[in-house]
file structure-v1.pdb (PDB, C-alpha atoms, pLDDT in the B column)
MODEL        1
ATOM      1  CA  MET V   1     266.815-161.153  10.845  1.00 59.00           C
ATOM      2  CA  LYS V   2     268.991-159.676   8.133  1.00 72.00           C
ATOM      3  CA  HIS V   3     268.349-156.258   6.673  1.00 68.00           C
ATOM      4  CA  LYS V   4     267.342-157.798   3.312  1.00 70.00           C
ATOM      5  CA  ASP V   5     264.905-160.190   5.059  1.00 74.00           C
ATOM      6  CA  LYS V   6     263.343-157.240   6.913  1.00 74.00           C
ATOM      7  CA  LEU V   7     262.901-155.367   3.641  1.00 74.00           C
ATOM      8  CA  LEU V   8     261.322-158.435   2.026  1.00 74.00           C
ATOM      9  CA  ASP V   9     259.038-158.799   5.042  1.00 78.00           C
ATOM     10  CA  ILE V  10     258.019-155.134   4.757  1.00 78.00           C
ATOM     11  CA  ARG V  11     257.472-155.617   1.024  1.00 77.00           C
ATOM     12  CA  GLU V  12     255.206-158.600   1.719  1.00 82.00           C
ATOM     13  CA  HIS V  13     253.168-156.549   4.230  1.00 77.00           C
ATOM     14  CA  LEU V  14     252.854-153.735   1.692  1.00 78.00           C
ATOM     15  CA  ASP V  15     251.719-156.196  -0.977  1.00 79.00           C
ATOM     16  CA  ASN V  16     249.120-157.619   1.398  1.00 79.00           C
ATOM     17  CA  ALA V  17     247.919-154.143   2.357  1.00 79.00           C
ATOM     18  CA  LEU V  18     247.674-153.154  -1.316  1.00 76.00           C
ATOM     19  CA  HIS V  19     245.752-156.334  -2.132  1.00 77.00           C
ATOM     20  CA  GLN V  20     243.321-155.650   0.733  1.00 80.00           C
ATOM     21  CA  ALA V  21     242.876-152.039  -0.374  1.00 77.00           C
ATOM     22  CA  ILE V  22     242.145-153.179  -3.927  1.00 77.00           C
ATOM     23  CA  SER V  23     239.684-155.780  -2.610  1.00 78.00           C
ATOM     24  CA  ILE V  24     237.896-153.187  -0.480  1.00 80.00           C
ATOM     25  CA  GLU V  25     237.687-150.801  -3.447  1.00 77.00           C
ATOM     26  CA  ARG V  26     236.359-153.573  -5.657  1.00 75.00           C
ATOM     27  CA  ILE V  27     233.727-154.501  -3.068  1.00 74.00           C
ATOM     28  CA  ARG V  28     232.719-150.843  -2.821  1.00 76.00           C
ATOM     29  CA  GLU V  29     232.410-150.576  -6.614  1.00 79.00           C
ATOM     30  CA  GLU V  30     230.401-153.790  -6.880  1.00 76.00           C
ATOM     31  CA  THR V  31     228.117-152.667  -4.051  1.00 75.00           C
ATOM     32  CA  GLU V  32     227.524-149.352  -5.820  1.00 78.00           C
ATOM     33  CA  THR V  33     226.715-151.221  -9.034  1.00 75.00           C
ATOM     34  CA  ALA V  34     224.257-153.450  -7.175  1.00 70.00           C
ATOM     35  CA  TYR V  35     222.544-150.419  -5.626  1.00 67.00           C
ATOM     36  CA  GLU V  36     222.306-148.752  -9.035  1.00 71.00           C
ATOM     37  CA  LEU V  37     220.775-151.896 -10.523  1.00 68.00           C
ATOM     38  CA  VAL V  38     218.183-152.151  -7.742  1.00 65.00           C
ATOM     39  CA  ASP V  39     217.351-148.454  -8.099  1.00 65.00           C
ATOM     40  CA  SER V  40     216.895-148.805 -11.863  1.00 63.00           C
ATOM     41  CA  LEU V  41     214.655-151.847 -11.425  1.00 59.00           C
ATOM     42  CA  VAL V  42     212.510-150.017  -8.881  1.00 58.00           C
ATOM     43  CA  LYS V  43     212.210-146.990 -11.167  1.00 60.00           C
ATOM     44  CA  ASP V  44     211.351-149.151 -14.198  1.00 58.00           C
ATOM     45  CA  GLU V  45     208.708-151.170 -12.363  1.00 58.00           C
ATOM     46  CA  PRO V  46     205.424-150.026 -13.816  1.00 65.00           C
ATOM     47  CA  GLN V  47     202.816-148.637 -11.474  1.00 83.00           C
ATOM     48  CA  LEU V  48     199.540-150.288 -12.329  1.00 90.00           C
ATOM     49  CA  ASN V  49     196.440-148.177 -12.891  1.00 92.00           C
ATOM     50  CA  ASP V  50     193.118-149.018 -11.235  1.00 93.00           C
ATOM     51  CA  ASN V  51     191.858-151.175 -14.133  1.00 92.00           C
ATOM     52  CA  GLN V  52     195.102-153.157 -14.131  1.00 91.00           C
ATOM     53  CA  LYS V  53     194.973-153.637 -10.363  1.00 92.00           C
ATOM     54  CA  ILE V  54     191.425-154.998 -10.539  1.00 92.00           C
ATOM     55  CA  VAL V  55     192.321-157.493 -13.287  1.00 91.00           C
ATOM     56  CA  LEU V  56     195.512-158.516 -11.454  1.00 90.00           C
ATOM     57  CA  GLU V  57     193.679-159.089  -8.165  1.00 91.00           C
ATOM     58  CA  TRP V  58     191.080-161.175  -9.972  1.00 89.00           C
ATOM     59  CA  LEU V  59     193.841-163.318 -11.542  1.00 88.00           C
ATOM     60  CA  LYS V  60     195.429-163.802  -8.120  1.00 87.00           C
ATOM     61  CA  GLU V  61     192.102-164.871  -6.624  1.00 85.00           C
ATOM     62  CA  LYS V  62     191.560-167.378  -9.455  1.00 81.00           C
ATOM     63  CA  THR V  63     195.041-168.776  -8.837  1.00 80.00           C
ATOM     64  CA  CYS V  64     194.479-169.181  -5.118  1.00 76.00           C
ATOM     65  CA  LYS V  65     191.201-171.034  -5.701  1.00 71.00           C
ATOM     66  CA  CYS V  66     192.591-173.639  -8.087  1.00 67.00           C
ATOM     67  CA  ASN V  67     194.163-176.914  -7.091  1.00 64.00           C
ATOM     68  CA  LYS V  68     197.873-177.593  -7.237  1.00 65.00           C
ATOM     69  CA  PRO V  69     199.802-177.873  -9.444  1.00 65.00           C
ATOM     70  CA  VAL V  70     199.127-174.533 -11.106  1.00 67.00           C
ATOM     71  CA  TYR V  71     199.842-174.335 -14.820  1.00 75.00           C
ATOM     72  CA  PRO V  72     200.198-170.565 -15.260  1.00 78.00           C
ATOM     73  CA  MET V  73     199.541-170.298 -19.001  1.00 79.00           C
ATOM     74  CA  ASN V  74     196.546-172.624 -18.803  1.00 80.00           C
ATOM     75  CA  LEU V  75     195.271-170.734 -15.779  1.00 78.00           C
ATOM     76  CA  VAL V  76     195.479-167.375 -17.602  1.00 80.00           C
ATOM     77  CA  ARG V  77     193.739-168.819 -20.667  1.00 82.00           C
ATOM     78  CA  LYS V  78     190.898-170.291 -18.609  1.00 80.00           C
ATOM     79  CA  ALA V  79     190.652-167.182 -16.469  1.00 79.00           C
ATOM     80  CA  VAL V  80     190.219-164.930 -19.485  1.00 78.00           C
ATOM     81  CA  GLU V  81     187.679-167.297 -21.041  1.00 83.00           C
ATOM     82  CA  LYS V  82     185.593-167.348 -17.846  1.00 85.00           C
ATOM     83  CA  MET V  83     186.136-163.735 -16.810  1.00 87.00           C
ATOM     84  CA  PRO V  84     183.000-162.233 -15.229  1.00 88.00           C
ATOM     85  CA  VAL V  85     181.406-159.291 -17.003  1.00 89.00           C
ATOM     86  CA  GLU V  86     182.363-156.833 -14.243  1.00 89.00           C
ATOM     87  CA  ILE V  87     186.053-157.764 -14.701  1.00 89.00           C
ATOM     88  CA  VAL V  88     185.766-157.755 -18.513  1.00 88.00           C
ATOM     89  CA  ASN V  89     184.676-154.123 -18.285  1.00 87.00           C
ATOM     90  CA  TYR V  90     188.012-153.240 -16.673  1.00 90.00           C
ATOM     91  CA  TYR V  91     189.981-155.608 -18.894  1.00 89.00           C
ATOM     92  CA  ASP V  92     188.531-154.093 -22.085  1.00 90.00           C
ATOM     93  CA  HIS V  93     189.966-150.700 -21.160  1.00 91.00           C
ATOM     94  CA  LEU V  94     193.546-151.993 -21.037  1.00 91.00           C
ATOM     95  CA  SER V  95     195.956-151.269 -23.856  1.00 91.00           C
ATOM     96  CA  ASP V  96     198.250-154.048 -25.094  1.00 89.00           C
ATOM     97  CA  ARG V  97     201.079-152.528 -23.047  1.00 89.00           C
ATOM     98  CA  GLU V  98     198.895-152.437 -19.932  1.00 90.00           C
ATOM     99  CA  GLU V  99     197.928-156.084 -20.467  1.00 89.00           C
ATOM    100  CA  PHE V 100     201.615-157.033 -20.641  1.00 89.00           C
ATOM    101  CA  GLN V 101     202.238-155.072 -17.454  1.00 89.00           C
ATOM    102  CA  VAL V 102     199.447-156.971 -15.705  1.00 89.00           C
ATOM    103  CA  LEU V 103     200.920-160.264 -16.929  1.00 88.00           C
ATOM    104  CA  ALA V 104     204.375-159.200 -15.726  1.00 88.00           C
ATOM    105  CA  ALA V 105     202.992-158.284 -12.299  1.00 89.00           C
ATOM    106  CA  PHE V 106     201.067-161.570 -12.196  1.00 88.00           C
ATOM    107  CA  ALA V 107     204.209-163.515 -13.119  1.00 87.00           C
ATOM    108  CA  GLN V 108     206.213-161.716 -10.431  1.00 86.00           C
ATOM    109  CA  TRP V 109     203.523-162.452  -7.854  1.00 86.00           C
ATOM    110  CA  GLY V 110     203.447-166.113  -8.929  1.00 84.00           C
ATOM    111  CA  LEU V 111     207.221-166.425  -8.564  1.00 84.00           C
ATOM    112  CA  GLU V 112     207.029-164.919  -5.090  1.00 84.00           C
ATOM    113  CA  GLN V 113     204.346-167.460  -4.136  1.00 81.00           C
ATOM    114  CA  GLU V 114     206.547-170.313  -5.363  1.00 78.00           C
ATOM    115  CA  GLU V 115     209.469-169.030  -3.286  1.00 79.00           C
ATOM    116  CA  LYS V 116     207.286-169.022  -0.161  1.00 77.00           C
ATOM    117  CA  GLU V 117     206.447-172.711  -0.550  1.00 69.00           C
TER     118      GLU V 117
ENDMDL
END
call {"tool": "encode", "arguments": {"input": "structure-v1.pdb", "output": "structure tokens"}}
result
Amino acid sequence: MKHKDKLLDIREHLDNALHQAISIERIREETETAYELVDSLVKDEPQLNDNQKIVLEWLKEKTCKCNKPVYPMNLVRKAVEKMPVEIVNYYDHLSDREEFQVLAAFAQWGLEQEEKE
């Protein structure tokens, strides 16, 4: 092998090593970004108060008792219309924001149920 060919071979190895180092750094950066995103989602996830938990559990029970297919918006409408007095008492104490949080938690739960099937 000529001297020039050896230098070109070394250059190619250096280029490959540099490319791998850049790839590793990029993977590290993307992994850090993913961790940050997960952490922010966990922090932003609202913690439901007792009234919200009771209403959410009641919605889940109503969903589990109905036949398939489940039409989520129709189910929520019917559930609210036929809500027992003891659940209405908890529901009436929810602010608009708390109602949206219950709906968000219910939607998340519903999506998880769909993924299991």
call {"tool": "residues_around", "arguments": {"input": "structure-v1.pdb", "residues": "Lys65 of chain V", "least_positions_apart": "6", "cutoff": "12 Å", "atoms": "all atoms listed in the file", "output": "number ranges by chain"}}
result
V: 58-59, 75, 79
call {"tool": "closest_residue", "arguments": {"input": "structure-v1.pdb", "among": "V:Lys53, V:Lys4, V:His13, V:Lys116", "to": "Gln101 of chain V", "atoms": "only C-alpha atoms"}}
result
V:Lys53
call {"tool": "closest_residue", "arguments": {"input": "structure-v1.pdb", "among": "V:Val88, V:Ala34, V:Ile22, V:Leu7", "to": "Val55 of chain V", "atoms": "all atoms listed in the file"}}
result
V:Val88
call {"tool": "resolve_selection", "arguments": {"input": "structure-v1.pdb", "expression": "the PyMOL selection byres ((chain V and resi 94) around 12)", "output": "MDAnalysis selection string"}}
result
chainID V and resid 48:56 87:93 95:103
call {"tool": "atom_distance", "arguments": {"input": "structure-v1.pdb", "atom1": "atom CA of Phe106 of chain V", "atom2": "atom CA of Glu86 of chain V"}}
result
19.4 Å
call {"tool": "atom_distance", "arguments": {"input": "structure-v1.pdb", "atom1": "atom CA of Gly110 of chain V", "atom2": "atom CA of Glu57 of chain V"}}
result
12.1 Å
